[in-house]
Amino acid sequence: MINPVLRRELKTKMRTWKAPTLLVIYLAILAVFGGLILSINELESYTGGFDPGNALTIYFLLAGCQLGLIIILVPALTSGTISGERERQTLDLLLITKLSPFSIIIGKLMASISQIILLILASMPVFSIIFLFGGVSASNILLLFFFFIATAVMVGSIGIFCSTFFRKTTTATVVSYLLILILSIGTLVGLALLNQYAYIVRQQGLTYGESLLIAGANPFVGFLSVIQNQAGYNIVSDILGVRNNISKIPFQPWQVNMIFDAIITCIMIFFSVIRIRPVMRRRK
Amino acid sequence: MKIMAGLLSSTSGNVLINGVDVTAHPRKLREKIGYMPDFFGVYDNLKVDEYMDFYAGTYHIPYSERETIINNLLELVDLSHKKDAYVDTLSRGMKQRLCLARSLIHDPDILILDEPASGLDPRARVEMKEVLKQLKTLGKTIIISSHILPELAELCTVIGIIDKGKIAAYGTVAQIMQQLTQKRIIKIKVMGNMDQLITILKEQPNVHEIIEKVDEVEIEYDGDDHSLAYLLKNMVQQDIPIISFSEKEGNLEEIFMQITEGGESDHD
């Protein structure tokens with residue numbers, strides 16, 4: 001049996017104008033962004049035409065834009081899930097059923113994630129323009145897709161946790177955006193500060209492992225690392241201050257990032273479940 | 001009510017339902033309890049049958065059985081004609097009945113209804129009462145909280161009045177009345193002159209006060225049923241043309257006022 005919460009959410013979500021509107025806006029942003037990069041590329045090239053050599057760059061920029069959109073969208077989709085039920089006075093009705101708090105949370109999370117998956121799949125045609133020029137393999141795309149999903153699940157679990165923690169949807173939304181901001185920018189600022197601190201204290205910057213511990217939490221670093229893997233750029237090594245060949249190191253930043261995502265997701269789901277559990281079981 | 005449904009933990013004491021502690025085994029009791037809160041919401045963009053289907057899912061009812069159960073329940077609460085309507089377009093009374101159907105979806109033994117009549121217009125209230133009476137005949141235990149006291153007198157076998165968080169009175173409606181008003185009020189209607197009747201009544205030791213009205217007499221009586229029957233027999237033997245001899249139905253509201261002594265009260 002499909003999770004009933006998921007079933008209901010999918011049914012009602014697709015009935016409103018919201019879902020198609022979201023899809024249209026999402027694709028429009030990606031298409032406009034893609035078109036802009038293409039035209040800039042054409043202006044720059046000597047022949048006045050499109051330089052296929054730059055196709056990879058366009059692919060990466062588009063993928064980056066997509067990650068940005070996902071990170072902006074997911075908190076909006078998830079932070080109202082539980083607090084919205086509370087405001088609509090339907091949460092109690094849900095809690096007295098045989099449904100466990102865990103399946104309620106998972107159902108909510110899956111409903112939001114499936115909407116994101118729909119957006120990603122629908123964006124494939126935009127990306128296929130770049131595939132025309134070659135340079136990106138199917139496995140690359142699969143890995144990237146997987147990475148997007150993992151990030152969406154992690155951000156979604158934070159959104160849902162905020163939704164269970166705060167009574168008002170507005171507060172939940174604001175706090176989840178704040179947490180995401182800390183993850184995406186705060187980690188980089190923290191990294192830079194700690195690096196300076198390390199220079200002062202030990203006359204030497206942070207080691208690769210140390211910086212990875214902080215920057216590994218950053219979804220954008222993870223993304224760049226996936227991309228770097230696919231194209232051989234050195235963006236991540238620059239950020240982490242490592243000049244030597246990064247492939248010799250046991251963990252790639254994206255792998256650390258995925259592990260981090262998994263841990264955060266588990267913790268967030270665990271606390272969300274505790275938050276909505278109606279009656280604390282008494283200790284015997 | 002929320003504590004009973006296992007949604008809140010109690011400040012003190014335990015709730016035992018069929019001998020099982022609600023707080024210790026909340027999930028076990030979910031199957032047995034149907035709960036309708038005083039305030040509840042419905043989902044947007046969901047049709048009536050889908051709404052029921054969703055809650056059927058939350059009780060893990062197999063897909064194959066759902067249609068019959070849902071049709072039967074909608075029939076019971078008289079919403080079959082609204083099956084394809086969106087739940088947010090229903091009137092307050094309909095939503096309330098739908099919510100009642102929802103709370104019955106897993107065929108619970110016990111129904112906990114928090115203020116089922118609040119916010120309903122008189123017609124919807126009567127309809128709700130009819131459904132509840134029907135459920136009563138189906139053998140369900142129904143626990144109702146209400147501010148609208150006359151409703152309760154008609155429906156309930158046992159009532160409890162809670163004042164300031166403590167049970168102030170508990171028992172059947174008649175018991176509570178007797179407990180409070182030792183005296184019963186008897187209405188007697190006779191043909192023609194009432195003088196003879198009043199002289200007889202004045203001789204009775206159990207009769208306290210005699211109120212003469214236009215065409216009837218009301219007396220305060222504190223004897224038991226036997227002496228009351230004897231009084232009637234006595235009057236008939238003396239050829240008093242009695243048309244009606246009845247006990248005035250107690251007014252729950254009066255009792256309630258008496259119990260809570262008019263103070264600021266919270267009852268549930």
# chains A, B, ... in the order shown; residues from 1 in each chain; ligands from 1

$ select_by_dssp --residues "range 104-228 of chain B" --states "alpha helix (DSSP H)" --output "count of residues only"
44

$ residues_around --residues "Met194 in chain B" --least-positions-apart "4" --cutoff "10 Å" --atoms "only C-alpha atoms" --output "number ranges by chain"
B: 188-190, 198-199, 212-217, 240-241

$ atom_distance --atom1 "CA of Gly156 in chain A" --atom2 "CA of Thr78 in chain A"
5.8 Å

$ residues_around --residues "Leu120 in chain B" --least-positions-apart "2" --cutoff "12 Å" --atoms "only C-alpha atoms" --output "ChimeraX atom specification"
/B:38,91-97,115-118,122-129,148

$ write_last_selection --atoms "N, CA and C atoms" --output "PDB file, in the first residue's frame"
ATOM      1  N   ASP B  38     -13.657  19.169  18.589  1.00  0.00           N
ATOM      2  CA  ASP B  38     -14.631  20.254  18.458  1.00  0.00           C
ATOM      3  C   ASP B  38     -14.314  21.147  17.270  1.00  0.00           C
ATOM      4  N   SER B  91     -21.191  22.496   3.769  1.00  0.00           N
ATOM      5  CA  SER B  91     -21.602  23.380   4.855  1.00  0.00           C
ATOM      6  C   SER B  91     -21.053  22.841   6.168  1.00  0.00           C
ATOM      7  N   ARG B  92     -21.149  23.674   7.196  1.00  0.00           N
ATOM      8  CA  ARG B  92     -20.615  23.293   8.502  1.00  0.00           C
ATOM      9  C   ARG B  92     -21.231  21.973   8.998  1.00  0.00           C
ATOM     10  N   GLY B  93     -22.552  21.871   8.857  1.00  0.00           N
ATOM     11  CA  GLY B  93     -23.241  20.668   9.319  1.00  0.00           C
ATOM     12  C   GLY B  93     -22.791  19.432   8.556  1.00  0.00           C
ATOM     13  N   MET B  94     -22.613  19.605   7.251  1.00  0.00           N
ATOM     14  CA  MET B  94     -22.179  18.478   6.428  1.00  0.00           C
ATOM     15  C   MET B  94     -20.772  18.056   6.791  1.00  0.00           C
ATOM     16  N   LYS B  95     -19.920  19.055   7.011  1.00  0.00           N
ATOM     17  CA  LYS B  95     -18.545  18.738   7.399  1.00  0.00           C
ATOM     18  C   LYS B  95     -18.547  17.956   8.697  1.00  0.00           C
ATOM     19  N   GLN B  96     -19.413  18.408   9.609  1.00  0.00           N
ATOM     20  CA  GLN B  96     -19.487  17.755  10.909  1.00  0.00           C
ATOM     21  C   GLN B  96     -19.915  16.296  10.732  1.00  0.00           C
ATOM     22  N   ARG B  97     -20.884  16.079   9.863  1.00  0.00           N
ATOM     23  CA  ARG B  97     -21.343  14.712   9.645  1.00  0.00           C
ATOM     24  C   ARG B  97     -20.278  13.897   8.926  1.00  0.00           C
ATOM     25  N   GLU B 115     -18.017  18.291  21.635  1.00  0.00           N
ATOM     26  CA  GLU B 115     -18.935  19.323  21.162  1.00  0.00           C
ATOM     27  C   GLU B 115     -19.468  19.049  19.759  1.00  0.00           C
ATOM     28  N   PRO B 116     -20.157  17.944  19.570  1.00  0.00           N
ATOM     29  CA  PRO B 116     -20.594  17.624  18.204  1.00  0.00           C
ATOM     30  C   PRO B 116     -21.624  18.593  17.654  1.00  0.00           C
ATOM     31  N   ALA B 117     -22.290  19.343  18.528  1.00  0.00           N
ATOM     32  CA  ALA B 117     -23.369  20.197  18.043  1.00  0.00           C
ATOM     33  C   ALA B 117     -22.958  21.657  17.959  1.00  0.00           C
ATOM     34  N   SER B 118     -21.718  21.959  18.317  1.00  0.00           N
ATOM     35  CA  SER B 118     -21.342  23.368  18.348  1.00  0.00           C
ATOM     36  C   SER B 118     -21.310  23.944  16.941  1.00  0.00           C
ATOM     37  N   PRO B 122     -30.131  24.683  13.854  1.00  0.00           N
ATOM     38  CA  PRO B 122     -31.047  23.715  14.489  1.00  0.00           C
ATOM     39  C   PRO B 122     -31.297  22.465  13.649  1.00  0.00           C
ATOM     40  N   ARG B 123     -31.459  22.663  12.338  1.00  0.00           N
ATOM     41  CA  ARG B 123     -31.740  21.501  11.493  1.00  0.00           C
ATOM     42  C   ARG B 123     -30.552  20.528  11.506  1.00  0.00           C
ATOM     43  N   ALA B 124     -29.359  21.076  11.336  1.00  0.00           N
ATOM     44  CA  ALA B 124     -28.164  20.231  11.319  1.00  0.00           C
ATOM     45  C   ALA B 124     -27.999  19.525  12.656  1.00  0.00           C
ATOM     46  N   ARG B 125     -28.422  20.236  13.716  1.00  0.00           N
ATOM     47  CA  ARG B 125     -28.280  19.660  15.045  1.00  0.00           C
ATOM     48  C   ARG B 125     -29.195  18.452  15.206  1.00  0.00           C
ATOM     49  N   VAL B 126     -30.418  18.619  14.701  1.00  0.00           N
ATOM     50  CA  VAL B 126     -31.371  17.511  14.768  1.00  0.00           C
ATOM     51  C   VAL B 126     -30.857  16.328  13.952  1.00  0.00           C
ATOM     52  N   GLU B 127     -30.319  16.645  12.778  1.00  0.00           N
ATOM     53  CA  GLU B 127     -29.803  15.578  11.916  1.00  0.00           C
ATOM     54  C   GLU B 127     -28.662  14.836  12.602  1.00  0.00           C
ATOM     55  N   MET B 128     -27.802  15.617  13.228  1.00  0.00           N
ATOM     56  CA  MET B 128     -26.671  15.015  13.935  1.00  0.00           C
ATOM     57  C   MET B 128     -27.185  14.115  15.051  1.00  0.00           C
ATOM     58  N   LYS B 129     -28.220  14.603  15.736  1.00  0.00           N
ATOM     59  CA  LYS B 129     -28.773  13.833  16.845  1.00  0.00           C
ATOM     60  C   LYS B 129     -29.353  12.505  16.343  1.00  0.00           C
ATOM     61  N   ILE B 148     -24.564  22.311  25.207  1.00  0.00           N
ATOM     62  CA  ILE B 148     -25.991  22.435  24.960  1.00  0.00           C
ATOM     63  C   ILE B 148     -26.670  21.308  25.718  1.00  0.00           C
TER      64      ILE B 148
END

$ interface_residues --of "chain A" --to "chain B" --cutoff "12 Å" --atoms "only C-alpha atoms" --output "number ranges by chain"
A: 1-18, 84-101, 103-104, 107, 276-284

$ write_last_selection --atoms "C-alpha atoms" --output "CSV table (one decimal), in the first residue's frame"
chain,number,residue,atom,x,y,z
A,1,MET,CA,0.0,0.0,0.0
A,2,ILE,CA,1.3,3.5,-0.8
A,3,ASN,CA,1.7,5.8,2.1
A,4,PRO,CA,-1.8,7.4,2.4
A,5,VAL,CA,-0.3,10.8,3.2
A,6,LEU,CA,1.8,10.7,0.1
A,7,ARG,CA,-1.2,9.5,-2.0
A,8,ARG,CA,-3.4,12.3,-0.8
A,9,GLU,CA,-0.7,15.0,-1.1
A,10,LEU,CA,0.1,14.0,-4.7
A,11,LYS,CA,-3.6,14.0,-5.6
A,12,THR,CA,-4.4,17.4,-4.1
A,13,LYS,CA,-1.2,19.0,-5.1
A,14,MET,CA,-1.6,18.3,-8.8
A,15,ARG,CA,-5.2,19.6,-8.7
A,16,THR,CA,-4.4,23.2,-8.1
A,17,TRP,CA,-2.9,25.7,-10.4
A,18,LYS,CA,0.1,25.9,-8.1
A,84,GLY,CA,0.0,23.8,7.9
A,85,GLU,CA,-1.8,20.7,9.1
A,86,ARG,CA,-1.8,22.2,12.6
A,87,GLU,CA,-3.1,25.5,11.4
A,88,ARG,CA,-5.8,23.8,9.3
A,89,GLN,CA,-6.6,21.7,12.4
A,90,THR,CA,-6.1,18.4,10.6
A,91,LEU,CA,-3.0,17.2,12.5
A,92,ASP,CA,-4.9,15.8,15.4
A,93,LEU,CA,-7.2,13.8,13.1
A,94,LEU,CA,-4.1,12.4,11.5
A,95,LEU,CA,-2.4,11.6,14.8
A,96,ILE,CA,-5.3,9.6,16.2
A,97,THR,CA,-5.2,7.2,13.3
A,98,LYS,CA,-3.1,4.1,13.2
A,99,LEU,CA,-0.6,5.9,11.0
A,100,SER,CA,2.7,6.2,12.9
A,101,PRO,CA,4.3,9.6,13.2
A,103,SER,CA,5.0,7.4,8.2
A,104,ILE,CA,3.3,10.8,8.4
A,107,GLY,CA,4.8,10.7,3.5
A,276,ILE,CA,4.7,15.3,16.6
A,277,ARG,CA,4.3,12.2,18.7
A,278,PRO,CA,1.1,13.0,20.7
A,279,VAL,CA,1.7,11.3,24.0
A,280,MET,CA,5.0,10.6,25.4
A,281,ARG,CA,5.1,7.0,26.5
A,282,ARG,CA,5.6,6.8,30.2
A,283,ARG,CA,8.7,5.1,31.5
A,284,LYS,CA,7.9,2.0,33.3

$ residues_around --residues "Phe165 in chain A" --least-positions-apart "5" --cutoff "8 Å" --atoms "only C-alpha atoms" --output "JSON list (two decimals) with C-alpha atoms, in the first residue's frame"
[["chain", "number", "residue", "atom", "x", "y", "z"],
["A", 172, "ALA", "CA", 9.16, 27.59, 10.11],
["A", 272, "SER", "CA", 10.40, 15.55, 13.70],
["A", 275, "ARG", "CA", 7.99, 16.41, 18.00]]

$ closest_residue --among "A:Ile200, A:Ala63, A:Ile105, A:Leu191" --to "Gly216 in chain A" --atoms "only C-alpha atoms"
A:Leu191

$ atom_distance --atom1 "CA of Leu113 in chain B" --atom2 "CA of Thr137 in chain B"
16.7 Å

$ closest_residue --among "B:Ile105, B:Ile185, B:Val48, B:Ile159" --to "Val173 in chain B" --atoms "only C-alpha atoms"
B:Ile159

$ residues_around --residues "range 142-144 of chain A" --least-positions-apart "5" --cutoff "12 Å" --atoms "only C-alpha atoms" --output "list in words"
Tyr59, Phe60, Leu62, Ala63, Gly64, Gln66, Leu67, Ile120, Leu121, Met124, Val136, Ser137, Ile149, Ala150, Thr151, Gly222, Phe223, Leu224, Ser225, Val226, Ile227, Gln228, Asn229, Gln230, Trp254, Gln255 and Met258 of chain A

$ write_last_selection --atoms "C-alpha atoms" --output "compact mmCIF listing (two decimals), in the first residue's frame"
# COMPACT_ATOMS: atom_id res chain seq x y z
CA TYR A 59 25.90 22.33 -18.79
CA PHE A 60 27.61 23.02 -15.48
CA LEU A 62 22.71 25.20 -15.90
CA ALA A 63 23.12 22.38 -13.40
CA GLY A 64 24.31 24.93 -10.83
CA GLN A 66 19.11 23.98 -11.02
CA LEU A 67 20.74 23.22 -7.67
CA ILE A 120 14.15 17.80 -12.52
CA LEU A 121 12.72 15.37 -15.05
CA MET A 124 15.63 17.37 -19.12
CA VAL A 136 28.52 14.62 -20.86
CA SER A 137 27.92 10.92 -20.29
CA ILE A 149 17.82 14.18 -4.90
CA ALA A 150 20.06 13.66 -1.86
CA THR A 151 20.35 17.42 -1.42
CA GLY A 222 29.50 18.95 -3.10
CA PHE A 223 28.03 20.01 -6.41
CA LEU A 224 31.29 21.52 -7.62
CA SER A 225 33.04 18.36 -6.60
CA VAL A 226 30.67 16.25 -8.68
CA ILE A 227 31.23 18.59 -11.62
CA GLN A 228 34.97 18.66 -11.07
CA ASN A 229 34.96 14.91 -11.23
CA GLN A 230 33.22 15.09 -14.56
CA TRP A 254 30.73 15.17 -2.79
CA GLN A 255 31.02 11.84 -1.03
CA MET A 258 26.31 12.83 0.63

$ residues_around --residues "range 167-169 of chain A" --least-positions-apart "6" --cutoff "7 Å" --atoms "only C-alpha atoms" --output "PyMOL selection string"
chain A and resi 79-80+83-84

$ closest_residue --among "B:Ser146, B:Ile186, B:Ile162, B:Lys233" --to "Tyr221 in chain B" --atoms "only C-alpha atoms"
B:Ile186

$ residues_around --residues "Ile180 in chain A" --least-positions-apart "4" --cutoff "8 Å" --atoms "only C-alpha atoms" --output "PyMOL selection string"
chain A and resi 71+155+176+184

$ write_last_selection --atoms "N, CA and C atoms" --output "short mmCIF file (atom, residue, chain, number, x, y, z; two decimals), in the first residue's frame"
data_model
loop_
_atom_site.label_atom_id
_atom_site.label_comp_id
_atom_site.auth_asym_id
_atom_site.auth_seq_id
_atom_site.Cartn_x
_atom_site.Cartn_y
_atom_site.Cartn_z
N ILE A 71 17.37 24.28 -3.97
CA ILE A 71 17.60 24.69 -2.58
C ILE A 71 16.65 25.81 -2.17
N VAL A 155 17.57 19.00 2.52
CA VAL A 155 16.95 20.31 2.74
C VAL A 155 15.49 20.13 3.16
N SER A 176 13.93 27.71 8.37
CA SER A 176 14.57 26.72 7.50
C SER A 176 15.43 27.40 6.44
N SER A 184 24.91 26.88 3.21
CA SER A 184 25.51 27.21 1.92
C SER A 184 26.55 28.32 2.00
#

$ closest_residue --among "B:Asn193, B:Asn14, B:Thr141, B:Thr157" --to "Lys32 in chain B" --atoms "only C-alpha atoms"
B:Thr141

$ atom_distance --atom1 "CA of Met52 in chain B" --atom2 "CA of Leu100 in chain B"
10.7 Å

$ closest_residue --among "B:Gly13, B:Gly192, B:Pro108, B:Gly139" --to "Ile242 in chain B" --atoms "only C-alpha atoms"
B:Gly192

$ decode --residues "range 118-154 of chain B" --atoms "C-alpha atoms" --output "PDB file, in the first residue's frame"
ATOM      1  CA  SER B 118     -21.342  23.368  18.348  1.00  0.00           C
ATOM      2  CA  GLY B 119     -21.785  25.826  15.549  1.00  0.00           C
ATOM      3  CA  LEU B 120     -24.621  23.915  13.928  1.00  0.00           C
ATOM      4  CA  ASP B 121     -27.950  25.357  12.934  1.00  0.00           C
ATOM      5  CA  PRO B 122     -31.047  23.715  14.489  1.00  0.00           C
ATOM      6  CA  ARG B 123     -31.740  21.501  11.493  1.00  0.00           C
ATOM      7  CA  ALA B 124     -28.164  20.231  11.319  1.00  0.00           C
ATOM      8  CA  ARG B 125     -28.280  19.660  15.045  1.00  0.00           C
ATOM      9  CA  VAL B 126     -31.371  17.511  14.768  1.00  0.00           C
ATOM     10  CA  GLU B 127     -29.803  15.578  11.916  1.00  0.00           C
ATOM     11  CA  MET B 128     -26.671  15.015  13.935  1.00  0.00           C
ATOM     12  CA  LYS B 129     -28.773  13.833  16.845  1.00  0.00           C
ATOM     13  CA  GLU B 130     -30.576  11.364  14.598  1.00  0.00           C
ATOM     14  CA  VAL B 131     -27.290   9.906  13.419  1.00  0.00           C
ATOM     15  CA  LEU B 132     -26.074   9.592  16.981  1.00  0.00           C
ATOM     16  CA  LYS B 133     -29.272   7.838  18.039  1.00  0.00           C
ATOM     17  CA  GLN B 134     -28.800   5.447  15.177  1.00  0.00           C
ATOM     18  CA  LEU B 135     -25.262   4.759  16.287  1.00  0.00           C
ATOM     19  CA  LYS B 136     -26.491   4.145  19.784  1.00  0.00           C
ATOM     20  CA  THR B 137     -28.748   1.418  18.488  1.00  0.00           C
ATOM     21  CA  LEU B 138     -25.763  -0.066  16.668  1.00  0.00           C
ATOM     22  CA  GLY B 139     -24.266  -0.684  20.079  1.00  0.00           C
ATOM     23  CA  LYS B 140     -21.517   1.923  20.067  1.00  0.00           C
ATOM     24  CA  THR B 141     -20.434   3.610  23.229  1.00  0.00           C
ATOM     25  CA  ILE B 142     -20.598   7.319  22.627  1.00  0.00           C
ATOM     26  CA  ILE B 143     -18.891   9.843  24.837  1.00  0.00           C
ATOM     27  CA  ILE B 144     -20.108  13.358  24.204  1.00  0.00           C
ATOM     28  CA  SER B 145     -19.126  16.645  25.668  1.00  0.00           C
ATOM     29  CA  SER B 146     -21.502  19.497  25.154  1.00  0.00           C
ATOM     30  CA  HIS B 147     -22.541  22.891  26.334  1.00  0.00           C
ATOM     31  CA  ILE B 148     -25.991  22.435  24.960  1.00  0.00           C
ATOM     32  CA  LEU B 149     -27.552  20.620  27.856  1.00  0.00           C
ATOM     33  CA  PRO B 150     -31.072  19.754  26.701  1.00  0.00           C
ATOM     34  CA  GLU B 151     -29.522  17.748  23.865  1.00  0.00           C
ATOM     35  CA  LEU B 152     -27.735  15.579  26.325  1.00  0.00           C
ATOM     36  CA  ALA B 153     -30.790  14.727  28.377  1.00  0.00           C
ATOM     37  CA  GLU B 154     -32.328  13.158  25.310  1.00  0.00           C
TER      38      GLU B 154
END
